[in-house]
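File shown here: start36.pdb, holding PDB, C-alpha atoms.
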```pdb
ATOM      1  CA  MET A  19     -40.626 -10.322 -19.702
ATOM      2  CA  ALA A  20     -37.212  -8.663 -19.778
ATOM      3  CA  MET A  21     -36.009  -6.863 -16.721
ATOM      4  CA  PRO A  22     -35.259  -3.184 -17.233
ATOM      5  CA  HIS A  23     -31.567  -2.349 -17.439
ATOM      6  CA  SER A  24     -30.311  -1.052 -14.144
ATOM      7  CA  PRO A  25     -27.473   1.441 -13.978
ATOM      8  CA  SER A  26     -24.013   0.278 -12.986
ATOM      9  CA  PRO A  27     -23.288   0.550  -9.293
ATOM     10  CA  PRO A  28     -21.302   3.620  -8.270
ATOM     11  CA  PRO A  29     -17.536   3.190  -7.913
ATOM     12  CA  ALA A  30     -16.448   1.793  -4.558
ATOM     13  CA  ALA A  31     -14.685   5.053  -3.684
ATOM     14  CA  SER A  32     -17.990   6.947  -3.637
ATOM     15  CA  VAL A  33     -19.690   4.308  -1.469
ATOM     16  CA  TRP A  34     -16.721   3.737   0.859
ATOM     17  CA  PRO A  35     -14.639   6.926   0.630
ATOM     18  CA  ASP A  36     -12.037   5.705   3.145
ATOM     19  CA  LEU A  37     -11.756   2.144   1.797
ATOM     20  CA  ALA A  38      -8.260   2.983   0.521
ATOM     21  CA  GLY A  39      -7.380   5.042   3.585
ATOM     22  CA  ARG A  40      -6.559   8.692   3.101
ATOM     23  CA  LEU A  41      -3.746  10.911   1.992
ATOM     24  CA  VAL A  42      -2.360  13.035   4.804
ATOM     25  CA  ASP A  43       0.304  15.706   4.828
ATOM     26  CA  GLY A  44       3.404  13.927   3.633
ATOM     27  CA  GLY A  45       1.932  10.462   3.177
ATOM     28  CA  HIS A  46      -0.940   8.052   3.617
ATOM     29  CA  VAL A  47      -2.831   6.379   6.479
ATOM     30  CA  LEU A  48      -4.770   3.110   6.159
ATOM     31  CA  PRO A  49      -6.849   1.643   9.003
ATOM     32  CA  VAL A  50      -6.588  -2.136   9.384
ATOM     33  CA  ARG A  51      -8.470  -4.359  11.828
ATOM     34  CA  VAL A  52      -6.743  -7.493  13.101
ATOM     35  CA  TYR A  53      -8.768 -10.626  12.376
ATOM     36  CA  TYR A  54      -8.343 -14.174  13.627
ATOM     37  CA  GLU A  55      -6.647 -15.155  10.343
ATOM     38  CA  ASP A  56      -3.901 -12.570  11.035
ATOM     39  CA  THR A  57      -2.898 -14.147  14.340
ATOM     40  CA  ASP A  58      -1.050 -17.177  15.614
ATOM     41  CA  PHE A  59      -2.463 -19.687  18.082
ATOM     42  CA  SER A  60      -2.131 -17.212  20.971
ATOM     43  CA  GLY A  61      -4.086 -14.326  19.410
ATOM     44  CA  VAL A  62      -0.936 -12.302  18.656
ATOM     45  CA  VAL A  63      -0.429 -11.044  15.103
ATOM     46  CA  TYR A  64       1.791 -13.462  13.188
ATOM     47  CA  HIS A  65       4.941 -11.687  11.987
ATOM     48  CA  ALA A  66       4.243 -12.278   8.267
ATOM     49  CA  SER A  67       0.822 -10.619   8.584
ATOM     50  CA  TYR A  68       2.567  -7.276   9.038
ATOM     51  CA  LEU A  69       4.002  -7.690   5.524
ATOM     52  CA  ARG A  70       0.456  -7.894   4.137
ATOM     53  CA  PHE A  71      -0.599  -4.821   6.127
ATOM     54  CA  PHE A  72       2.397  -2.882   4.791
ATOM     55  CA  GLU A  73       1.639  -4.028   1.223
ATOM     56  CA  ARG A  74      -1.945  -2.799   1.520
ATOM     57  CA  GLY A  75      -0.673   0.562   2.765
ATOM     58  CA  ARG A  76       1.778   0.932  -0.136
ATOM     59  CA  THR A  77      -0.793  -0.154  -2.711
ATOM     60  CA  ASP A  78      -3.497   2.226  -1.487
ATOM     61  CA  PHE A  79      -1.001   5.090  -1.152
ATOM     62  CA  LEU A  80      -0.089   4.651  -4.817
ATOM     63  CA  ARG A  81      -3.733   4.131  -5.844
ATOM     64  CA  LEU A  82      -4.811   7.420  -4.254
ATOM     65  CA  LEU A  83      -1.946   9.173  -6.038
ATOM     66  CA  GLY A  84      -3.296   7.839  -9.337
ATOM     67  CA  ILE A  85      -0.633   5.146  -9.755
ATOM     68  CA  GLY A  86      -2.774   2.006  -9.801
ATOM     69  CA  HIS A  87      -1.210  -1.401 -10.383
ATOM     70  CA  ALA A  88      -3.734  -2.317 -13.098
ATOM     71  CA  ALA A  89      -2.981   0.864 -15.060
ATOM     72  CA  MET A  90       0.747   0.174 -14.807
ATOM     73  CA  ALA A  91       0.382  -3.427 -15.957
ATOM     74  CA  ALA A  92      -1.704  -2.243 -18.936
ATOM     75  CA  GLY A  93       1.030   0.164 -20.060
ATOM     76  CA  GLY A  94      -0.467   3.362 -18.699
ATOM     77  CA  PHE A  95       2.974   4.499 -17.543
ATOM     78  CA  GLY A  96       5.042   3.562 -20.575
ATOM     79  CA  SER A  97       7.572   0.775 -20.117
ATOM     80  CA  ALA A  98       7.122   0.730 -16.300
ATOM     81  CA  ARG A  99       4.790  -2.217 -15.676
ATOM     82  CA  ALA A 100       5.098  -2.980 -11.964
ATOM     83  CA  PHE A 101       6.764  -2.266  -8.666
ATOM     84  CA  ALA A 102       8.919  -4.943  -7.052
ATOM     85  CA  VAL A 103      10.140  -4.883  -3.465
ATOM     86  CA  ARG A 104      13.924  -4.937  -3.597
ATOM     87  CA  SER A 105      14.608  -4.771   0.123
ATOM     88  CA  MET A 106      12.745  -4.371   3.375
ATOM     89  CA  THR A 107      14.001  -3.855   6.910
ATOM     90  CA  LEU A 108      11.525  -4.473   9.720
ATOM     91  CA  ASP A 109      11.706  -3.521  13.375
ATOM     92  CA  PHE A 110       9.202  -5.328  15.610
ATOM     93  CA  ARG A 111       8.703  -3.307  18.801
ATOM     94  CA  ARG A 112       5.444  -4.489  20.339
ATOM     95  CA  PRO A 113       2.803  -7.043  19.344
ATOM     96  CA  ALA A 114      -0.663  -6.362  18.001
ATOM     97  CA  THR A 115      -3.485  -8.688  18.999
ATOM     98  CA  ILE A 116      -6.816  -9.883  17.693
ATOM     99  CA  ASP A 117      -9.461  -7.152  17.218
ATOM    100  CA  ASP A 118      -6.913  -4.311  17.415
ATOM    101  CA  VAL A 119      -7.493  -1.429  15.019
ATOM    102  CA  LEU A 120      -4.165  -0.437  13.535
ATOM    103  CA  GLU A 121      -3.028   2.472  11.393
ATOM    104  CA  VAL A 122      -0.572   1.771   8.606
ATOM    105  CA  THR A 123       1.292   4.928   7.607
ATOM    106  CA  THR A 124       3.342   5.223   4.441
ATOM    107  CA  ARG A 125       5.665   8.092   3.562
ATOM    108  CA  ARG A 126       8.018   8.607   0.667
ATOM    109  CA  ALA A 127      11.552   8.897   2.009
ATOM    110  CA  GLU A 128      13.596   8.958  -1.196
ATOM    111  CA  LEU A 129      13.094   8.996  -4.948
ATOM    112  CA  THR A 130      15.909   8.037  -7.318
ATOM    113  CA  GLY A 131      16.088   7.212 -11.017
ATOM    114  CA  ALA A 132      14.575   3.730 -10.774
ATOM    115  CA  ARG A 133      13.532   3.206  -7.184
ATOM    116  CA  ILE A 134      11.437   4.558  -4.374
ATOM    117  CA  VAL A 135      12.279   4.289  -0.679
ATOM    118  CA  LEU A 136       9.267   4.319   1.645
ATOM    119  CA  ASP A 137       9.094   4.563   5.416
ATOM    120  CA  GLN A 138       6.162   2.686   6.899
ATOM    121  CA  ALA A 139       4.841   2.202  10.414
ATOM    122  CA  ILE A 140       2.026   0.289  12.041
ATOM    123  CA  ALA A 141       0.608   1.861  15.180
ATOM    124  CA  ARG A 142      -2.175   1.157  17.659
ATOM    125  CA  ALA A 143      -3.709   4.191  19.385
ATOM    126  CA  GLY A 144      -0.626   6.246  18.490
ATOM    127  CA  GLU A 145       1.897   3.684  19.759
ATOM    128  CA  VAL A 146       4.241   2.438  17.023
ATOM    129  CA  LEU A 147       4.351  -1.364  16.963
ATOM    130  CA  VAL A 148       6.325  -2.153  13.793
ATOM    131  CA  THR A 149       8.341  -0.069  11.338
ATOM    132  CA  ALA A 150       9.583  -0.857   7.847
ATOM    133  CA  ALA A 151      12.027   0.747   5.462
ATOM    134  CA  VAL A 152      11.086  -0.479   1.981
ATOM    135  CA  THR A 153      12.974  -0.052  -1.272
ATOM    136  CA  VAL A 154      10.776  -0.572  -4.321
ATOM    137  CA  ALA A 155      12.145  -0.863  -7.856
ATOM    138  CA  VAL A 156      10.209  -0.074 -11.018
ATOM    139  CA  ILE A 157      10.344  -2.935 -13.528
ATOM    140  CA  ASP A 158       9.372  -3.315 -17.165
ATOM    141  CA  GLY A 159       7.313  -6.084 -18.763
ATOM    142  CA  ASP A 160      10.358  -8.400 -18.814
ATOM    143  CA  GLY A 161      11.048  -7.912 -15.102
ATOM    144  CA  ARG A 162      14.071  -5.671 -15.643
ATOM    145  CA  PRO A 163      14.583  -2.446 -13.695
ATOM    146  CA  CYS A 164      13.642   0.711 -15.566
ATOM    147  CA  ARG A 165      13.598   4.410 -14.818
ATOM    148  CA  LEU A 166      10.692   6.034 -13.036
ATOM    149  CA  PRO A 167       8.367   7.530 -15.650
ATOM    150  CA  PRO A 168       7.894  11.309 -15.301
ATOM    151  CA  ALA A 169       4.178  10.866 -14.478
ATOM    152  CA  ILE A 170       4.997   8.614 -11.518
ATOM    153  CA  ARG A 171       7.844  10.868 -10.347
ATOM    154  CA  GLU A 172       5.523  13.881 -10.506
ATOM    155  CA  ARG A 173       2.741  12.167  -8.533
ATOM    156  CA  LEU A 174       5.176  11.037  -5.843
ATOM    157  CA  GLY A 175       6.505  14.630  -5.764
TER     158      GLY A 175
END
```
Show the structure stored in the file as C-alpha cells.
Amino acid sequence: MAMPHSPSPPPAASVWPDLAGRLVDGGHVLPVRVYYEDTDFSGVVYHASYLRFFERGRTDFLRLLGIGHAAMAAGGFGSARAFAVRSMTLDFRRPATIDDVLEVTTRRAELTGARIVLDQAIARAGEVLVTAAVTVAVIDGDGRPCRLPPAIRERLG
C-alpha cells in the first residue's frame, strides 16, 4: 500500500522566523550562543571562533536583503558569483565564555564600485566584546573582482 503524498515542509523562515536574525534600522542583528566547540580548554571563546560568528552575521544580513550566496553562485546577479573577504581588522576587547548569548551586529559602512565595507560587533548584554572592519570584494566565476551589480547595490542601499 502506497503512502499518501505529504506536502513539503514549510520553509525554515516560517517555522523559525529569527533563525537568520533580524534586520534593524541600519543593519542586522544575529543571536549566537557560545557552545563548548567554540571555546578553548579554559571555557573562553577561541579567537578564531569570532571569525565564524562574524561570517554568520554577514551571510544572514545578505540573505535577509535577498542576496543569498546560492543565488549568486547560480548567476542570479549576473557575472557576480561570490563575495570574498579582502581584509579584516579585529579588535578583541573582552572575552566571551561558554553558554554566553551574544549578538552579532552588521552594518554597511561603505559601498564602492566593486567592494563593500562592513562594520561588525559582537556584544554580550550590550557590552561590546569584539569589533571587526571587513572589506568584501565581489568576484566573478573566475575569481576576479567585478563591479557590484545594480540589484545588489540597490538592496544594500
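In terms of minimum interatomic distance to A:Leu37, A:Arg74 ranks closest within A:Leu129, A:Arg74, A:Arg171, A:Ile134, counting all atoms listed in the file.
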Residues picked by the PyMOL selection byres ((chain A and resi 104-108) around 10) here, as a PDB file with C-alpha atoms, in the coordinates of the input?
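Output file expr-v5.pdb is given in full below:
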```pdb
ATOM      1  CA  TYR A  68       2.567  -7.276   9.038  1.00  0.00           C
ATOM      2  CA  LEU A  69       4.002  -7.690   5.524  1.00  0.00           C
ATOM      3  CA  PHE A 101       6.764  -2.266  -8.666  1.00  0.00           C
ATOM      4  CA  ALA A 102       8.919  -4.943  -7.052  1.00  0.00           C
ATOM      5  CA  VAL A 103      10.140  -4.883  -3.465  1.00  0.00           C
ATOM      6  CA  ASP A 109      11.706  -3.521  13.375  1.00  0.00           C
ATOM      7  CA  PHE A 110       9.202  -5.328  15.610  1.00  0.00           C
ATOM      8  CA  ARG A 111       8.703  -3.307  18.801  1.00  0.00           C
ATOM      9  CA  ARG A 133      13.532   3.206  -7.184  1.00  0.00           C
ATOM     10  CA  ILE A 134      11.437   4.558  -4.374  1.00  0.00           C
ATOM     11  CA  VAL A 135      12.279   4.289  -0.679  1.00  0.00           C
ATOM     12  CA  LEU A 136       9.267   4.319   1.645  1.00  0.00           C
ATOM     13  CA  ASP A 137       9.094   4.563   5.416  1.00  0.00           C
ATOM     14  CA  GLN A 138       6.162   2.686   6.899  1.00  0.00           C
ATOM     15  CA  ALA A 139       4.841   2.202  10.414  1.00  0.00           C
ATOM     16  CA  VAL A 148       6.325  -2.153  13.793  1.00  0.00           C
ATOM     17  CA  THR A 149       8.341  -0.069  11.338  1.00  0.00           C
ATOM     18  CA  ALA A 150       9.583  -0.857   7.847  1.00  0.00           C
ATOM     19  CA  ALA A 151      12.027   0.747   5.462  1.00  0.00           C
ATOM     20  CA  VAL A 152      11.086  -0.479   1.981  1.00  0.00           C
ATOM     21  CA  THR A 153      12.974  -0.052  -1.272  1.00  0.00           C
ATOM     22  CA  VAL A 154      10.776  -0.572  -4.321  1.00  0.00           C
ATOM     23  CA  ALA A 155      12.145  -0.863  -7.856  1.00  0.00           C
ATOM     24  CA  VAL A 156      10.209  -0.074 -11.018  1.00  0.00           C
TER      25      VAL A 156
END
```
| From A:Gly93, A:Pro49, A:Pro113, A:Gly175, residue lying nearest A:Ile157 [only C-alpha atoms] |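 Of the candidates, the smallest distance to A:Ile157 is held by A:Gly93.
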| Selection dump of the PyMOL selection byres ((chain A and resi 85) around 12), as a PyMOL selection string | chain A and resi 76-84+86-95+98-101+166-174
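For the pair atom CA of A:Asp160 and atom CA of A:Phe72, the separation is 25.5 Å.
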| atom CA of A:Gly144 to atom CA of A:Ala114, distance in Å rounded to a single decimal |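 Separation of atom CA of A:Gly144 and atom CA of A:Ala114: 12.6 Å.
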| Best match for closeness to A:Cys164 among A:Gly45, A:Ala141, A:Thr130, A:Gly75, counting only C-alpha atoms |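 Of A:Gly45, A:Ala141, A:Thr130, A:Gly75, the one nearest A:Cys164, counting only C-alpha atoms, is A:Thr130.
Between atom CA of A:Gly96 and atom CA of A:Glu128 the separation is 21.9 Å.
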| Expanded to explicit residues, what is the PyMOL selection byres ((chain A and resi 53) around 12) for this file, as an MDAnalysis selection string? | chainID A and resid 50:52 54:58 61:64 67 71 114:120
| query | Got a sec: who's within 10 Å of A:Val42, counting all atoms listed in the file, leaving out chain neighbours fewer than 3 positions off, as number ranges by chain? | reply | A: 39, 45-47, 123-125
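Minimum distance to A:Leu147 across A:Gly159, A:Gly131, A:His65, A:Arg165 (counting only C-alpha atoms) occurs at A:His65.
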Could the centre and edge lengths of an axis-aligned box, enclosing all atoms of stretch 110-117 of chain A in the file with 5 Å extra on each side, be given in Å to one decimal as AutoDock Vina command-line options?
```
--center_x -0.1 --center_y -6.6 --center_z 18.0 --size_x 28.7 --size_y 16.6 --size_z 14.7
```
| said: Using all atoms listed in the file, can you tell me which of A:Val122, A:Ile140, A:Val33, A:Ala66 comes closest to A:Leu48? | reply: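 For A:Leu48, the nearest of the candidates is A:Val122.
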